[in-house]
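**Student:** I have a structure here, written as C-alpha cells, and I will follow up with some questions on it.
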Amino acid sequence: MVKAKVFVLEKQFEGLPKEGDLRLVEEELPPIKNGEFLVEALYLSVDPYMRAYIPLNKFGEPVIGSQVGKIIESKNPKYPVGQHVVGYFGWRTHTISNGTSTIFDSKPSLVPKFGDLPLSLALGVLGMPGNTAYFGFLEICTPQAGEVVVVSSAAGAVGSHVGQIAKIKGCKVIGITGSDEKGKFLVDELGFDHFINYKTADLDKALDELAPEKIDCYFDNVGGEISSTILRHMNNYGRISVCGAISGYNNETEVKVTTIQRPMISFNLTMEGFIFSRWADRWTEGVQQNLKWIKAGKLKHPESVTEGFENMPKAFIDMLKGANIGKAIVKV
Ligand SMILES: NC(=O)C1=CN([C@@H]2O[C@H](COP(=O)(O)OP(=O)(O)OC[C@H]3O[C@@H](n4cnc5c(N)ncnc54)[C@H](OP(=O)(O)O)[C@@H]3O)[C@@H](O)[C@H]2O)C=CC1
Ligand SMILES: C/C=C/C(C)=O
C-alpha cells in the first residue's frame, strides 16, 4: 500500500497566502487499474498561476501544480516503469494517473532526453515557463536586431529566459526587477544591458535615461502601474506581449492599468495576451530550440531550489515575495 503526502486547500487565500491556508494530509492509494500508472514525485514546481487560479481550487482538494516524477508502477504501455514524466498532478508525492489532462489541456508527458542536465529543467527552461518565454516573446513581440526590449519580473523563470532570447536576437535589453542583487545578476550573469529596481527607482526617469530611443517590445509579466508607466515609453509600432499580471494576484480586486488607450493610439501599439498552451502543437520545437541554446552556452537556467516536500508552502510564498532568481523548484 502506497501512502501519498498531499497539500490540500484548507482556507481560501486572502492577500499573500499563509502557510496555514494549506494542510498536509496522508492518502492511502488503491492498487492501480488497467490504463493507470503510479508516479513518485522528484521535483515540484511553485508558480504564480497557483495564486491566480486558487479560487478554482476546491477545499480539501490538492493544490494545483506540476511535477517531474518517476513511474514506479504501470498498467499503461504509453507510460512504462522507470520513465520520467511531467504532469499537472497537484501538490502530492505519489499520484495515480490514467494519462488524461487535468488542467491547461496538458496530458502527462514523458521527459525527453536532456543528456546530463537536471530533470528539474522540465519544469523550467525546458518546460512550461521555457515555452512561455520562447513562443510568447518571439511570436507576439517579433523582436528585430537593434530593437529595445523591456521585460518585467525579469529575474524570474519566464523573464530571465525572455531577456536572454532578446540578447540572442541582438536586442538591447532592460530588465525590471525587485532588488539590486537580482538586477546585478541579470547584467553580470545573463548579459542584460541594464536593470531597473522598481522598488527603489523612479521608473519614468530611469526609462528616459536608459531607453531614450524608446521601447520596441515589452514582455509584461506584472501588469499594474509598472506596465502603465512602460507603455508611455513605447516606440511607434511597439509590440506588447501580455504574459502575466502578478502585481495584482494577491489583491481582492483586479489590478487596474491606468494608462492604455492614449499610448496605444498615439504610438500605434499592438498588445496581445496569451496562454502558453496556444502553441501545444509546436511544443517540441520550443523545447529543442531552448536545449540547443543551453548546449551552445547561450541560455543559462538559474533555479532557486527548496529542499523537502513539506516546504512547498514556504517555497510558494517566498516566490510570490520575490525570493527566487530563475525558476522556483522544490526537491522532494
Ligand atoms: N500566460 C502564460 O501562459 C503564463 C504566464 N505566466 C506569468 O508570467 C509571470 C512570471 O511567471 P514566472 O516566471 O513563473 O514567475 P517568477 O519566477 O517571475 O516569480 C514571480 C516573481 O514575481 C515578482 N513579483 C511578485 N510580486 C510582484 C509585484 N507586486 N510587482 C512586480 N513583480 C512582482 C517577484 O520578483 P521581483 O523581485 O522582481 O518582485 C517574483 O520573483 C507571472 O505573472 C505568471 O503568472 C507564467 C507562465 C505561463
Ligand atoms: C498558465 C499560467 C498562467 C498564468 C497567468 O500564470
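The way I read the labels, and the way they are meant: chains A, B, ... in the order of the C-alpha cells, residue 1 as the first residue of every chain, and ligand 1 as the first ligand shown, with later ones counted on from there.
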Pick out the residues sitting within 9 Å of region 109-126 of chain A, and hand them over as a count of residues only; count only C-alpha atoms, and ignore anything fewer than 5 positions along from it in its own chain.
**Tutor:** 35
**Student:** Output the neighbourhood of ligand 1 as a ChimeraX atom specification, that is, all protein and nucleic acid residues with some atom at most 8 Å from the ligand, counting only C-alpha atoms and all ligand atoms.
**Tutor:** /A:46-49,52,128-129,132,136,152-160,176-179,182,197-198,220-224,226,242-248,273-277,319-328
**Student:** Residues of the last selection are to be written out with N, CA and C atoms, as a compact mmCIF listing (two decimals), in the first residue's frame.
**Tutor:**
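Okay, again-v3.txt is ready:
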```txt
# COMPACT_ATOMS: atom_id res chain seq x y z
N VAL A 46 6.68 25.54 -8.08
CA VAL A 46 5.77 26.54 -7.50
C VAL A 46 5.72 27.72 -8.47
N ASP A 47 4.51 28.09 -8.86
CA ASP A 47 4.30 29.07 -9.94
C ASP A 47 3.26 30.11 -9.53
N PRO A 48 3.39 31.32 -10.13
CA PRO A 48 2.40 32.36 -9.83
C PRO A 48 0.96 31.97 -10.17
N TYR A 49 0.77 31.12 -11.22
CA TYR A 49 -0.62 30.80 -11.58
C TYR A 49 -1.37 30.11 -10.45
N ALA A 52 -3.05 32.80 -8.77
CA ALA A 52 -4.10 33.41 -9.60
C ALA A 52 -5.32 32.49 -9.71
N MET A 128 7.16 24.29 -19.28
CA MET A 128 6.13 25.31 -19.48
C MET A 128 6.67 26.75 -19.47
N PRO A 129 7.46 27.15 -18.43
CA PRO A 129 7.95 28.54 -18.46
C PRO A 129 8.87 28.81 -19.66
N THR A 132 6.74 29.27 -22.62
CA THR A 132 6.03 30.55 -22.46
C THR A 132 6.93 31.68 -22.96
N GLY A 136 5.81 33.07 -26.43
CA GLY A 136 5.14 34.32 -26.03
C GLY A 136 5.94 35.54 -26.43
N SER A 152 9.44 42.70 -17.62
CA SER A 152 9.20 42.84 -16.18
C SER A 152 9.26 41.47 -15.51
N SER A 153 9.37 41.48 -14.17
CA SER A 153 9.72 40.26 -13.42
C SER A 153 10.88 39.55 -14.13
N ALA A 154 11.91 40.36 -14.41
CA ALA A 154 12.97 39.93 -15.32
C ALA A 154 13.89 38.87 -14.74
N ALA A 155 13.94 38.76 -13.41
CA ALA A 155 14.86 37.77 -12.83
C ALA A 155 14.17 36.44 -12.56
N GLY A 156 12.88 36.34 -12.91
CA GLY A 156 12.14 35.10 -12.66
C GLY A 156 12.32 34.09 -13.79
N ALA A 157 11.55 33.01 -13.70
CA ALA A 157 11.70 31.90 -14.66
C ALA A 157 11.47 32.38 -16.09
N VAL A 158 10.33 32.99 -16.33
CA VAL A 158 9.97 33.40 -17.69
C VAL A 158 10.81 34.62 -18.11
N GLY A 159 10.87 35.63 -17.21
CA GLY A 159 11.54 36.89 -17.55
C GLY A 159 13.02 36.71 -17.86
N SER A 160 13.72 35.90 -17.06
CA SER A 160 15.17 35.73 -17.28
C SER A 160 15.41 35.04 -18.62
N ILE A 176 13.26 44.74 -15.54
CA ILE A 176 12.68 45.38 -14.35
C ILE A 176 12.59 44.30 -13.27
N THR A 177 13.15 44.59 -12.11
CA THR A 177 13.15 43.58 -11.05
C THR A 177 13.08 44.24 -9.68
N GLY A 178 12.94 43.40 -8.62
CA GLY A 178 12.61 43.93 -7.30
C GLY A 178 13.78 44.09 -6.35
N SER A 179 15.03 43.84 -6.82
CA SER A 179 16.17 44.10 -5.93
C SER A 179 17.42 44.34 -6.76
N LYS A 182 19.20 41.04 -7.62
CA LYS A 182 18.65 40.35 -8.80
C LYS A 182 19.04 41.10 -10.08
N ASN A 197 15.47 48.67 -10.63
CA ASN A 197 14.83 48.14 -9.42
C ASN A 197 13.54 48.95 -9.20
N TYR A 198 12.39 48.29 -9.49
CA TYR A 198 11.12 49.03 -9.45
C TYR A 198 10.73 49.45 -8.02
N ASP A 220 5.33 41.68 -20.75
CA ASP A 220 4.68 42.09 -19.49
C ASP A 220 4.32 40.88 -18.61
N ASN A 221 5.04 40.75 -17.51
CA ASN A 221 4.76 39.68 -16.55
C ASN A 221 3.99 40.17 -15.33
N VAL A 222 3.80 41.49 -15.22
CA VAL A 222 3.33 42.02 -13.93
C VAL A 222 2.06 42.86 -13.97
N GLY A 223 1.81 43.58 -15.07
CA GLY A 223 0.63 44.46 -15.14
C GLY A 223 0.74 45.65 -14.19
N GLY A 224 -0.39 46.30 -13.93
CA GLY A 224 -0.45 47.38 -12.95
C GLY A 224 0.33 48.61 -13.35
N ILE A 226 3.46 49.46 -13.04
CA ILE A 226 4.74 49.28 -13.75
C ILE A 226 4.46 49.28 -15.26
N VAL A 242 1.38 40.28 -23.41
CA VAL A 242 0.83 40.26 -22.04
C VAL A 242 0.83 38.82 -21.55
N CYS A 243 1.80 38.53 -20.69
CA CYS A 243 2.01 37.15 -20.21
C CYS A 243 1.40 36.94 -18.83
N GLY A 244 1.57 37.92 -17.94
CA GLY A 244 1.09 37.73 -16.57
C GLY A 244 0.79 39.07 -15.92
N ALA A 245 0.17 38.99 -14.74
CA ALA A 245 -0.24 40.21 -14.03
C ALA A 245 0.00 40.02 -12.54
N ILE A 246 1.23 39.55 -12.20
CA ILE A 246 1.48 39.13 -10.82
C ILE A 246 1.32 40.28 -9.82
N SER A 247 1.44 41.53 -10.27
CA SER A 247 1.33 42.62 -9.29
C SER A 247 -0.06 42.66 -8.67
N GLY A 248 -1.03 41.97 -9.29
CA GLY A 248 -2.39 42.00 -8.74
C GLY A 248 -2.88 40.68 -8.18
N GLY A 273 -2.46 39.19 -25.49
CA GLY A 273 -2.28 38.25 -24.38
C GLY A 273 -2.23 36.82 -24.89
N PHE A 274 -1.80 35.91 -24.03
CA PHE A 274 -1.72 34.50 -24.46
C PHE A 274 -1.63 33.58 -23.25
N ILE A 275 -1.98 32.33 -23.48
CA ILE A 275 -1.69 31.23 -22.54
C ILE A 275 -0.77 30.28 -23.29
N PHE A 276 0.25 29.80 -22.60
CA PHE A 276 1.30 29.01 -23.27
C PHE A 276 0.75 27.86 -24.11
N SER A 277 -0.39 27.28 -23.69
CA SER A 277 -0.91 26.08 -24.38
C SER A 277 -1.38 26.39 -25.79
N MET A 319 8.42 32.64 -3.33
CA MET A 319 8.42 33.01 -4.76
C MET A 319 7.51 34.23 -4.97
N LEU A 320 6.33 34.21 -4.36
CA LEU A 320 5.42 35.36 -4.54
C LEU A 320 6.03 36.64 -3.96
N LYS A 321 6.88 36.47 -2.92
CA LYS A 321 7.51 37.65 -2.30
C LYS A 321 8.77 38.07 -3.06
N GLY A 322 9.17 37.28 -4.06
CA GLY A 322 10.32 37.69 -4.89
C GLY A 322 11.65 37.11 -4.44
N ALA A 323 11.63 36.04 -3.63
CA ALA A 323 12.90 35.49 -3.13
C ALA A 323 13.66 34.70 -4.19
N ASN A 324 12.98 34.30 -5.26
CA ASN A 324 13.63 33.43 -6.26
C ASN A 324 14.41 34.22 -7.30
N ILE A 325 15.51 33.58 -7.77
CA ILE A 325 16.17 34.01 -9.01
C ILE A 325 16.03 32.82 -9.94
N GLY A 326 15.45 33.04 -11.11
CA GLY A 326 15.17 31.94 -12.02
C GLY A 326 13.98 31.13 -11.53
N LYS A 327 13.95 29.85 -11.92
CA LYS A 327 12.77 29.02 -11.63
C LYS A 327 12.75 28.56 -10.18
N ALA A 328 11.62 28.76 -9.53
CA ALA A 328 11.44 28.27 -8.15
C ALA A 328 10.98 26.81 -8.20
```
**Student:** Report as a list in words all protein, DNA and RNA residues lying within 9 Å of Glu36 (chain A), evaluated on only C-alpha atoms, omitting residues in the same chain fewer than 3 positions from it.
**Tutor:** Ile32, Lys33, Glu73, Ser74, Lys75, Asn76, Tyr79, Ile96, Ser97, Asn98 and Gly99 of chain A
**Student:** List every residue of region 19-220 of chain A that DSSP, applied to the backbone, labels as strand (DSSP E), and write the result as a ChimeraX atom specification.
**Tutor:** /A:22-29,37-45,67-74,84-87,94-97,109-110,148-151,172-177,194-197,215-220
**Student:** Identify, on the basis of only C-alpha atoms, every residue whose closest approach to region 307-311 of chain A does not exceed 7 Å; exclude the query and any residue fewer than 2 positions from it along the same chain; express the result as a tab-separated table (two decimals) with N, CA and C atoms, in the first residue's frame.
**Tutor:**
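The resulting file, part_31.tsv, is shown below:
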```tsv
chain	number	residue	atom	x	y	z
A	305	VAL	N	16.22	26.42	-5.54
A	305	VAL	CA	15.69	25.12	-5.12
A	305	VAL	C	15.47	25.08	-3.61
A	313	PRO	N	4.69	25.02	0.84
A	313	PRO	CA	4.03	26.32	1.09
A	313	PRO	C	5.04	27.45	1.24
A	314	LYS	N	6.14	27.18	1.95
A	314	LYS	CA	7.15	28.23	2.15
A	314	LYS	C	7.77	28.64	0.81
A	315	ALA	N	8.09	27.64	-0.02
A	315	ALA	CA	8.70	27.94	-1.33
A	315	ALA	C	7.74	28.77	-2.18
A	330	VAL	N	10.87	22.86	-5.95
A	330	VAL	CA	11.00	22.12	-4.69
A	330	VAL	C	11.51	20.72	-5.02
A	331	LYS	N	12.58	20.33	-4.31
A	331	LYS	CA	13.14	18.97	-4.49
A	331	LYS	C	12.61	18.13	-3.35
A	332	VAL	N	11.98	17.02	-3.68
A	332	VAL	CA	11.36	16.19	-2.63
A	332	VAL	C	12.43	15.62	-1.70
```
**Student:** Got a sec: who's within 8 Å of region 194-196 of chain A, counting only C-alpha atoms, leaving out chain neighbours fewer than 6 positions off, as a PyMOL selection string?
**Tutor:** chain A and resi 173-177+183-184+186-187+203+206+210
**Student:** Which residue out of A:Ala145, A:Ile54, A:Met312, A:Met264 has the minimum interatomic distance to ligand 2 when only C-alpha atoms and all ligand atoms are used?
**Tutor:**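 That would be A:Ile54, the residue with the smallest distance to ligand 2.
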**Student:** Would you list, as a ChimeraX atom specification, the residues of region 113-311 of chain A that end up in helix (DSSP H, G or I) under DSSP run on this structure's backbone?
**Tutor:** /A:119-123,128-141,157-168,180-188,203-210,224-231,246-248,261-266,276-295,309-311
**Student:** Measuring atom to atom with only C-alpha atoms, identify which of A:Asn251, A:Arg278, A:His233, A:Tyr134 is nearest to Ser266 (chain A).
**Tutor:**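 Among A:Asn251, A:Arg278, A:His233, A:Tyr134, it is A:His233 that comes nearest to Ser266 (chain A).
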**Student:** Counting only C-alpha atoms, figure out which residue out of A:Ile230, A:Val255, A:Ala166, A:Ala4 gets nearest to Leu29 (chain A).
**Tutor:** A:Ala4
**Student:** Skipping near chain neighbours, those fewer than 5 positions away, what residues fall within 6 Å of Val8 (chain A) using only C-alpha atoms, listed as a list in words?
**Tutor:**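 Result of the neighbour search: Leu22, Arg23, Gly60, Glu61, Pro62 and Val63 of chain A.
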**Student:** Find, counting only C-alpha atoms and all ligand atoms, the residue in A:Pro108, A:Gly82, A:Pro77, A:Gly65 that gets nearest to ligand 2.
**Tutor:**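 Closest candidate: A:Gly65.
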